[in-house]
$ cat my_file_3.cif   # mmCIF, C-alpha atoms
data_entry
#
loop_
_atom_site.label_atom_id
_atom_site.label_comp_id
_atom_site.auth_asym_id
_atom_site.auth_seq_id
_atom_site.Cartn_x
_atom_site.Cartn_y
_atom_site.Cartn_z
CA MET X 94 -4.14 6.26 -10.67
CA GLN X 95 -6.85 6.98 -8.12
CA ARG X 96 -8.13 4.38 -5.64
CA TYR X 97 -11.78 4.25 -4.57
CA GLY X 98 -13.49 2.59 -1.60
CA GLN X 99 -17.28 2.49 -1.51
CA ILE X 100 -19.95 1.01 0.74
CA ILE X 101 -23.57 -0.10 0.32
CA LYS X 102 -25.89 -2.77 1.78
CA LEU X 103 -27.93 -5.67 0.42
CA LYS X 104 -31.52 -6.56 1.23
CA PRO X 105 -31.22 -9.67 3.44
CA ASP X 106 -33.49 -11.73 1.16
CA ARG X 107 -31.59 -10.70 -1.99
CA VAL X 108 -28.02 -11.55 -0.91
CA GLU X 109 -27.87 -14.86 -2.81
CA GLU X 110 -29.33 -13.26 -5.94
CA TYR X 111 -26.69 -10.50 -5.88
CA LYS X 112 -23.90 -13.03 -5.33
CA LYS X 113 -25.14 -15.19 -8.22
CA LEU X 114 -25.34 -12.17 -10.54
CA HIS X 115 -21.73 -11.31 -9.75
CA ALA X 116 -20.50 -14.89 -9.99
CA GLU X 117 -21.92 -14.97 -13.52
CA VAL X 118 -21.38 -11.34 -14.52
CA TRP X 119 -22.33 -10.54 -18.13
CA PRO X 120 -19.31 -10.26 -20.45
CA ASP X 121 -20.57 -6.91 -21.79
CA VAL X 122 -20.56 -5.56 -18.23
CA THR X 123 -16.91 -6.48 -17.71
CA LYS X 124 -16.12 -4.90 -21.09
CA ALA X 125 -17.86 -1.66 -20.06
CA ILE X 126 -15.96 -1.60 -16.74
CA ALA X 127 -12.64 -2.06 -18.54
CA LYS X 128 -13.54 0.60 -21.11
CA SER X 129 -14.22 2.99 -18.20
CA ASN X 130 -10.56 2.65 -17.14
CA ILE X 131 -11.43 0.78 -13.95
CA ARG X 132 -8.90 -1.86 -12.89
CA ASN X 133 -8.35 -4.22 -9.95
CA TYR X 134 -12.03 -4.04 -8.98
CA SER X 135 -13.18 -6.21 -6.07
CA ILE X 136 -16.48 -6.43 -4.20
CA TYR X 137 -16.53 -7.87 -0.69
CA LEU X 138 -19.50 -9.09 1.36
CA LYS X 139 -20.05 -9.55 5.10
CA ASP X 140 -23.66 -10.57 5.79
CA VAL X 141 -25.52 -7.65 4.14
CA MET X 142 -22.61 -5.20 4.02
CA LEU X 143 -20.91 -4.67 0.67
CA PHE X 144 -17.56 -3.00 0.11
CA ALA X 145 -16.11 -2.14 -3.30
CA TYR X 146 -12.47 -1.33 -4.05
CA PHE X 147 -11.23 -0.29 -7.47
CA GLU X 148 -8.47 1.67 -9.16
CA TYR X 149 -9.22 4.29 -11.82
CA HIS X 150 -6.53 4.64 -14.46
CA GLY X 151 -8.14 7.22 -16.76
CA GLN X 152 -7.92 11.01 -16.85
CA HIS X 153 -11.62 11.97 -16.79
CA PHE X 154 -13.44 10.03 -14.08
CA GLU X 155 -16.78 11.87 -14.28
CA LYS X 156 -16.85 11.53 -18.08
CA ASP X 157 -15.97 7.83 -17.99
CA MET X 158 -18.62 7.16 -15.34
CA ALA X 159 -21.24 9.11 -17.33
CA GLU X 160 -20.45 7.09 -20.46
CA MET X 161 -20.74 3.83 -18.52
CA ALA X 162 -24.06 4.96 -17.02
CA ALA X 163 -25.38 5.73 -20.52
CA ASN X 164 -24.49 2.24 -21.81
CA PRO X 165 -27.75 0.26 -22.36
CA VAL X 166 -26.12 -2.97 -21.12
CA ILE X 167 -25.05 -1.26 -17.90
CA GLN X 168 -28.54 0.18 -17.48
CA GLU X 169 -29.97 -3.33 -17.85
CA TRP X 170 -27.37 -4.71 -15.40
CA TRP X 171 -28.17 -2.03 -12.83
CA GLY X 172 -31.85 -2.81 -13.41
CA VAL X 173 -31.31 -6.31 -12.00
CA CYS X 174 -28.69 -5.39 -9.36
CA LYS X 175 -30.20 -2.27 -7.81
CA PRO X 176 -33.38 -3.96 -6.49
CA CYS X 177 -31.06 -6.15 -4.36
CA MET X 178 -29.40 -3.16 -2.74
CA ILE X 179 -30.07 -0.57 -0.01
CA PRO X 180 -27.90 2.57 -0.07
CA VAL X 181 -26.49 3.54 3.32
CA GLU X 182 -28.40 6.35 5.01
CA ASN X 183 -25.29 8.48 5.47
CA ARG X 184 -24.40 8.62 1.77
CA GLU X 185 -23.88 11.98 0.07
CA GLU X 186 -26.65 13.41 -2.10
CA GLY X 187 -26.67 11.81 -5.53
CA GLU X 188 -24.61 8.79 -4.45
CA TRP X 189 -25.72 5.16 -4.79
CA TRP X 190 -22.60 3.43 -3.51
CA ALA X 191 -21.31 5.81 -0.79
CA ASN X 192 -17.73 6.95 -1.30
CA MET X 193 -15.43 6.42 1.66
CA GLU X 194 -12.39 8.47 2.68
CA GLU X 195 -8.95 6.91 2.24
CA ILE X 196 -7.28 7.44 5.62
CA PHE X 197 -4.27 5.16 5.09
CA HIS X 198 -2.35 3.77 2.16
CA GLN X 199 0.88 1.85 1.87
CA ASP X 200 2.11 0.58 -1.51
CA MET P 221 -1.30 -13.08 -4.63
CA GLN P 222 -4.33 -13.15 -2.34
CA ARG P 223 -6.60 -10.14 -1.84
CA TYR P 224 -8.25 -9.40 1.53
CA GLY P 225 -11.23 -7.21 2.45
CA GLN P 226 -11.93 -6.59 6.13
CA ILE P 227 -14.37 -4.53 8.17
CA ILE P 228 -14.42 -3.00 11.65
CA LYS P 229 -15.90 0.10 13.36
CA LEU P 230 -14.52 3.07 15.27
CA LYS P 231 -15.80 4.52 18.53
CA PRO P 232 -17.50 7.80 17.48
CA ASP P 233 -15.39 9.86 19.89
CA ARG P 234 -12.12 8.25 18.74
CA VAL P 235 -12.45 8.73 14.95
CA GLU P 236 -10.15 11.75 14.79
CA GLU P 237 -7.54 10.02 16.96
CA TYR P 238 -7.52 6.96 14.69
CA LYS P 239 -7.25 9.14 11.57
CA LYS P 240 -4.35 11.11 13.08
CA LEU P 241 -2.52 7.92 14.03
CA HIS P 242 -2.80 6.67 10.45
CA ALA P 243 -1.87 10.01 8.90
CA GLU P 244 1.35 9.89 10.93
CA VAL P 245 1.92 6.13 11.00
CA TRP P 246 5.18 5.06 12.68
CA PRO P 247 7.93 4.12 10.18
CA ASP P 248 8.57 0.85 12.03
CA VAL P 249 4.91 -0.10 11.52
CA THR P 250 5.14 0.38 7.76
CA LYS P 251 8.37 -1.65 7.78
CA ALA P 252 6.65 -4.50 9.64
CA ILE P 253 3.71 -4.44 7.21
CA ALA P 254 6.07 -4.63 4.23
CA LYS P 255 8.09 -7.42 5.89
CA SER P 256 4.81 -9.37 6.27
CA ASN P 257 4.44 -9.39 2.48
CA ILE P 258 1.42 -7.07 2.53
CA ARG P 259 1.18 -4.69 -0.43
CA ASN P 260 -1.30 -2.11 -1.77
CA TYR P 261 -2.87 -1.69 1.67
CA SER P 262 -5.62 0.92 2.00
CA ILE P 263 -7.96 1.79 4.87
CA TYR P 264 -11.22 3.61 4.10
CA LEU P 265 -13.56 5.42 6.48
CA LYS P 266 -17.26 6.36 6.28
CA ASP P 267 -18.40 7.94 9.57
CA VAL P 268 -17.50 5.13 12.02
CA MET P 269 -17.21 2.30 9.48
CA LEU P 270 -13.71 1.18 8.51
CA PHE P 271 -12.82 -1.01 5.58
CA ALA P 272 -9.36 -2.39 4.82
CA TYR P 273 -8.13 -3.76 1.49
CA PHE P 274 -4.70 -5.33 1.01
CA GLU P 275 -2.87 -7.82 -1.14
CA TYR P 276 -0.76 -10.60 0.37
CA HIS P 277 2.23 -11.59 -1.75
CA GLY P 278 3.86 -14.19 0.53
CA GLN P 279 3.48 -17.95 0.75
CA HIS P 280 2.66 -18.38 4.47
CA PHE P 281 -0.03 -15.93 5.55
CA GLU P 282 -0.63 -17.33 9.05
CA LYS P 283 3.10 -17.40 9.78
CA ASP P 284 3.66 -13.86 8.49
CA MET P 285 0.71 -12.56 10.52
CA ALA P 286 1.96 -14.34 13.66
CA GLU P 287 5.41 -12.79 13.23
CA MET P 288 3.90 -9.35 12.79
CA ALA P 289 1.73 -9.86 15.90
CA ALA P 290 4.83 -10.82 17.91
CA ASN P 291 6.71 -7.65 16.89
CA PRO P 292 6.95 -5.32 19.95
CA VAL P 293 6.46 -2.22 17.77
CA ILE P 294 3.26 -3.69 16.33
CA GLN P 295 2.06 -4.60 19.82
CA GLU P 296 2.66 -1.00 20.89
CA TRP P 297 0.88 0.29 17.74
CA TRP P 298 -2.11 -1.94 18.34
CA GLY P 299 -2.06 -0.76 21.96
CA VAL P 300 -2.87 2.77 20.80
CA CYS P 301 -5.14 1.82 17.85
CA LYS P 302 -7.33 -0.87 19.39
CA PRO P 303 -8.92 1.36 22.05
CA CYS P 304 -10.32 3.46 19.16
CA MET P 305 -12.02 0.44 17.57
CA ILE P 306 -15.14 -1.70 18.01
CA PRO P 307 -15.13 -5.09 16.25
CA VAL P 308 -18.34 -5.86 14.36
CA GLU P 309 -20.68 -8.18 16.23
CA ASN P 310 -20.91 -10.65 13.35
CA ARG P 311 -17.15 -11.30 13.16
CA GLU P 312 -15.87 -14.86 13.35
CA GLU P 313 -14.41 -16.16 16.62
CA GLY P 314 -10.83 -14.97 17.07
CA GLU P 315 -11.13 -12.15 14.54
CA TRP P 316 -10.49 -8.46 15.28
CA TRP P 317 -11.00 -7.02 11.80
CA ALA P 318 -13.76 -9.24 10.31
CA ASN P 319 -12.80 -10.89 7.04
CA MET P 320 -15.25 -10.35 4.17
CA GLU P 321 -16.00 -12.67 1.26
CA GLU P 322 -14.77 -11.63 -2.19
CA ILE P 323 -17.86 -12.01 -4.39
CA PHE P 324 -16.53 -10.21 -7.49
CA HIS P 325 -13.16 -9.44 -8.97
CA GLN P 326 -12.06 -7.99 -12.29
CA ASP P 327 -8.41 -7.29 -13.03
#

$ encode --input "my_file_3.cif" --output "structure tokens"
Amino acid sequence: MQRYGQIIKLKPDRVEEYKKLHAEVWPDVTKAIAKSNIRNYSIYLKDVMLFAYFEYHGQHFEKDMAEMAANPVIQEWWGVCKPCMIPVENREEGEWWANMEEIFHQD
Amino acid sequence: MQRYGQIIKLKPDRVEEYKKLHAEVWPDVTKAIAKSNIRNYSIYLKDVMLFAYFEYHGQHFEKDMAEMAANPVIQEWWGVCKPCMIPVENREEGEWWANMEEIFHQD
């Protein structure tokens, strides 16, 4: 299992919209997340700062993420979520959510 | 079980020191964390931004946190860690790490 921590921001005037979307997440989105071998997935908010934590239980992360990205339901979901978001300036090239470095872990 | 997400920053010139401390965390600190009923505890870093995720498996969070805070080893640990850190300006009164709101979770 591999843990991931990621960061991104919200547009101040779109915070409530993003929260509402995630309070009423589409069932097909949760199915796609599960199918991608992602477990124990949480998103946290502090003002406009978002943090995501999840655990990947598959064997082929890039492949699973590519399949999820190709799913029409996920594309539609991202189509409504992404306009609420602002990627952090210090993200790596090609990232939307910026991956963070795990500097401590205790089971 | 209750999940927590928290945010804080590092002083730019103390990032490496904080990383080194957590790469070589004192055994008595990990014992105190475990005794406080904290499990699956990760700290993530992106430049100077820190994010912590942990799961609390006890029944009395405030009491467990107070006992940990009263532990001389923890006080010594915080004595070396805290000078590396800058609390976020939008934290609640009395907070060091600022608690975030869980807006999404999927097991």

$ residues_around --input "my_file_3.cif" --residues "range 313-320 of chain P" --least-positions-apart "2" --cutoff "6 Å" --atoms "only C-alpha atoms" --output "count of residues only"
9

$ residues_around --input "my_file_3.cif" --residues "Tyr111 in chain X" --least-positions-apart "2" --cutoff "9 Å" --atoms "only C-alpha atoms" --output "PyMOL selection string"
chain X and resi 103+107-109+113-116+173-174+177-178

$ resolve_selection --input "my_file_3.cif" --expression "the PyMOL selection byres ((chain X) within 6 of (chain P))" --output "list in words"
His115, Arg132, Asn133, Tyr134, Ser135, Ile136, Tyr137, Leu138, Lys139, Met193, Glu194, Glu195, Ile196, Phe197, His198, Gln199 and Asp200 of chain X

$ resolve_selection --input "my_file_3.cif" --expression "the PyMOL selection byres ((chain P and resi 281-286) around 12)" --output "count of residues only"
24

$ atom_distance --input "my_file_3.cif" --atom1 "CA of Val249 in chain P" --atom2 "CA of Lys302 in chain P"
14.6 Å

$ atom_distance --input "my_file_3.cif" --atom1 "CA of Pro292 in chain P" --atom2 "CA of Glu237 in chain P"
21.3 Å

$ atom_distance --input "my_file_3.cif" --atom1 "CA of Val308 in chain P" --atom2 "CA of Pro232 in chain P"
14.0 Å

$ axis_aligned_box --input "my_file_3.cif" --around "range 173-185 of chain X" --padding-each-side "3 Å" --output "lines of an AutoDock Vina configuration file"
center_x = -28.6
center_y = 2.8
center_z = -3.3
size_x = 15.5
size_y = 24.3
size_z = 23.5

$ build_atoms --input "my_file_3.cif" --residues "range 122-133 of chain X" --atoms "all heavy atoms" --output "PDB file, in the coordinates of the input"
ATOM      1  N   VAL X 122     -20.753  -6.404 -19.413  1.00  0.00           N
ATOM      2  CA  VAL X 122     -20.560  -5.560 -18.230  1.00  0.00           C
ATOM      3  C   VAL X 122     -19.069  -5.435 -17.928  1.00  0.00           C
ATOM      4  O   VAL X 122     -18.565  -4.331 -17.681  1.00  0.00           O
ATOM      5  CB  VAL X 122     -21.331  -6.120 -17.014  1.00  0.00           C
ATOM      6  CG1 VAL X 122     -20.949  -5.396 -15.730  1.00  0.00           C
ATOM      7  CG2 VAL X 122     -22.833  -6.027 -17.258  1.00  0.00           C
ATOM      8  N   THR X 123     -18.362  -6.550 -17.970  1.00  0.00           N
ATOM      9  CA  THR X 123     -16.910  -6.480 -17.710  1.00  0.00           C
ATOM     10  C   THR X 123     -16.216  -5.640 -18.785  1.00  0.00           C
ATOM     11  O   THR X 123     -15.281  -4.903 -18.474  1.00  0.00           O
ATOM     12  CB  THR X 123     -16.280  -7.889 -17.644  1.00  0.00           C
ATOM     13  OG1 THR X 123     -16.439  -8.540 -18.901  1.00  0.00           O
ATOM     14  CG2 THR X 123     -16.933  -8.728 -16.572  1.00  0.00           C
ATOM     15  N   LYS X 124     -16.701  -5.727 -20.019  1.00  0.00           N
ATOM     16  CA  LYS X 124     -16.120  -4.900 -21.090  1.00  0.00           C
ATOM     17  C   LYS X 124     -16.338  -3.413 -20.801  1.00  0.00           C
ATOM     18  O   LYS X 124     -15.443  -2.590 -21.002  1.00  0.00           O
ATOM     19  CB  LYS X 124     -16.757  -5.244 -22.450  1.00  0.00           C
ATOM     20  CG  LYS X 124     -16.147  -6.469 -23.121  1.00  0.00           C
ATOM     21  CD  LYS X 124     -16.819  -6.749 -24.470  1.00  0.00           C
ATOM     22  CE  LYS X 124     -16.725  -8.215 -24.842  1.00  0.00           C
ATOM     23  NZ  LYS X 124     -17.689  -8.616 -25.877  1.00  0.00           N
ATOM     24  N   ALA X 125     -17.552  -3.064 -20.353  1.00  0.00           N
ATOM     25  CA  ALA X 125     -17.860  -1.660 -20.060  1.00  0.00           C
ATOM     26  C   ALA X 125     -17.016  -1.141 -18.892  1.00  0.00           C
ATOM     27  O   ALA X 125     -16.550   0.003 -18.907  1.00  0.00           O
ATOM     28  CB  ALA X 125     -19.349  -1.501 -19.753  1.00  0.00           C
ATOM     29  N   ILE X 126     -16.801  -1.991 -17.893  1.00  0.00           N
ATOM     30  CA  ILE X 126     -15.960  -1.600 -16.740  1.00  0.00           C
ATOM     31  C   ILE X 126     -14.537  -1.323 -17.211  1.00  0.00           C
ATOM     32  O   ILE X 126     -13.941  -0.307 -16.862  1.00  0.00           O
ATOM     33  CB  ILE X 126     -15.987  -2.712 -15.658  1.00  0.00           C
ATOM     34  CG1 ILE X 126     -17.376  -2.773 -15.005  1.00  0.00           C
ATOM     35  CG2 ILE X 126     -14.899  -2.490 -14.619  1.00  0.00           C
ATOM     36  CD1 ILE X 126     -17.597  -3.991 -14.109  1.00  0.00           C
ATOM     37  N   ALA X 127     -14.013  -2.232 -18.033  1.00  0.00           N
ATOM     38  CA  ALA X 127     -12.640  -2.060 -18.540  1.00  0.00           C
ATOM     39  C   ALA X 127     -12.529  -0.802 -19.390  1.00  0.00           C
ATOM     40  O   ALA X 127     -11.559  -0.045 -19.272  1.00  0.00           O
ATOM     41  CB  ALA X 127     -12.229  -3.296 -19.329  1.00  0.00           C
ATOM     42  N   LYS X 128     -13.552  -0.573 -20.228  1.00  0.00           N
ATOM     43  CA  LYS X 128     -13.540   0.600 -21.110  1.00  0.00           C
ATOM     44  C   LYS X 128     -13.578   1.902 -20.294  1.00  0.00           C
ATOM     45  O   LYS X 128     -13.116   2.947 -20.751  1.00  0.00           O
ATOM     46  CB  LYS X 128     -14.758   0.522 -22.051  1.00  0.00           C
ATOM     47  CG  LYS X 128     -14.679   1.469 -23.248  1.00  0.00           C
ATOM     48  CD  LYS X 128     -15.921   1.354 -24.134  1.00  0.00           C
ATOM     49  CE  LYS X 128     -15.951   2.481 -25.166  1.00  0.00           C
ATOM     50  NZ  LYS X 128     -17.278   2.590 -25.801  1.00  0.00           N
ATOM     51  N   SER X 129     -14.138   1.815 -19.073  1.00  0.00           N
ATOM     52  CA  SER X 129     -14.220   2.990 -18.200  1.00  0.00           C
ATOM     53  C   SER X 129     -12.932   3.231 -17.423  1.00  0.00           C
ATOM     54  O   SER X 129     -12.911   4.060 -16.506  1.00  0.00           O
ATOM     55  CB  SER X 129     -15.372   2.818 -17.211  1.00  0.00           C
ATOM     56  OG  SER X 129     -16.591   2.686 -17.896  1.00  0.00           O
ATOM     57  N   ASN X 130     -11.883   2.477 -17.762  1.00  0.00           N
ATOM     58  CA  ASN X 130     -10.560   2.650 -17.140  1.00  0.00           C
ATOM     59  C   ASN X 130     -10.527   2.237 -15.668  1.00  0.00           C
ATOM     60  O   ASN X 130      -9.708   2.728 -14.899  1.00  0.00           O
ATOM     61  CB  ASN X 130     -10.079   4.099 -17.306  1.00  0.00           C
ATOM     62  CG  ASN X 130      -9.873   4.453 -18.759  1.00  0.00           C
ATOM     63  OD1 ASN X 130      -9.160   3.757 -19.476  1.00  0.00           O
ATOM     64  ND2 ASN X 130     -10.509   5.527 -19.210  1.00  0.00           N
ATOM     65  N   ILE X 131     -11.436   1.327 -15.305  1.00  0.00           N
ATOM     66  CA  ILE X 131     -11.430   0.780 -13.950  1.00  0.00           C
ATOM     67  C   ILE X 131     -10.650  -0.535 -13.962  1.00  0.00           C
ATOM     68  O   ILE X 131     -10.875  -1.389 -14.812  1.00  0.00           O
ATOM     69  CB  ILE X 131     -12.879   0.573 -13.450  1.00  0.00           C
ATOM     70  CG1 ILE X 131     -13.504   1.936 -13.145  1.00  0.00           C
ATOM     71  CG2 ILE X 131     -12.922  -0.349 -12.241  1.00  0.00           C
ATOM     72  CD1 ILE X 131     -14.969   1.877 -12.777  1.00  0.00           C
ATOM     73  N   ARG X 132      -9.734  -0.660 -13.010  1.00  0.00           N
ATOM     74  CA  ARG X 132      -8.900  -1.860 -12.890  1.00  0.00           C
ATOM     75  C   ARG X 132      -8.907  -2.357 -11.456  1.00  0.00           C
ATOM     76  O   ARG X 132      -9.218  -1.602 -10.535  1.00  0.00           O
ATOM     77  CB  ARG X 132      -7.455  -1.554 -13.295  1.00  0.00           C
ATOM     78  CG  ARG X 132      -7.282  -0.978 -14.712  1.00  0.00           C
ATOM     79  CD  ARG X 132      -7.469  -2.014 -15.801  1.00  0.00           C
ATOM     80  NE  ARG X 132      -7.304  -1.430 -17.137  1.00  0.00           N
ATOM     81  CZ  ARG X 132      -8.273  -0.834 -17.841  1.00  0.00           C
ATOM     82  NH1 ARG X 132      -9.497  -0.721 -17.335  1.00  0.00           N
ATOM     83  NH2 ARG X 132      -8.041  -0.354 -19.043  1.00  0.00           N
ATOM     84  N   ASN X 133      -8.519  -3.610 -11.274  1.00  0.00           N
ATOM     85  CA  ASN X 133      -8.350  -4.220  -9.950  1.00  0.00           C
ATOM     86  C   ASN X 133      -9.585  -3.945  -9.065  1.00  0.00           C
ATOM     87  O   ASN X 133      -9.477  -3.412  -7.961  1.00  0.00           O
ATOM     88  CB  ASN X 133      -7.073  -3.693  -9.279  1.00  0.00           C
ATOM     89  CG  ASN X 133      -6.623  -4.577  -8.129  1.00  0.00           C
ATOM     90  OD1 ASN X 133      -7.010  -5.752  -8.036  1.00  0.00           O
ATOM     91  ND2 ASN X 133      -5.808  -4.041  -7.237  1.00  0.00           N
TER      92      ASN X 133
END
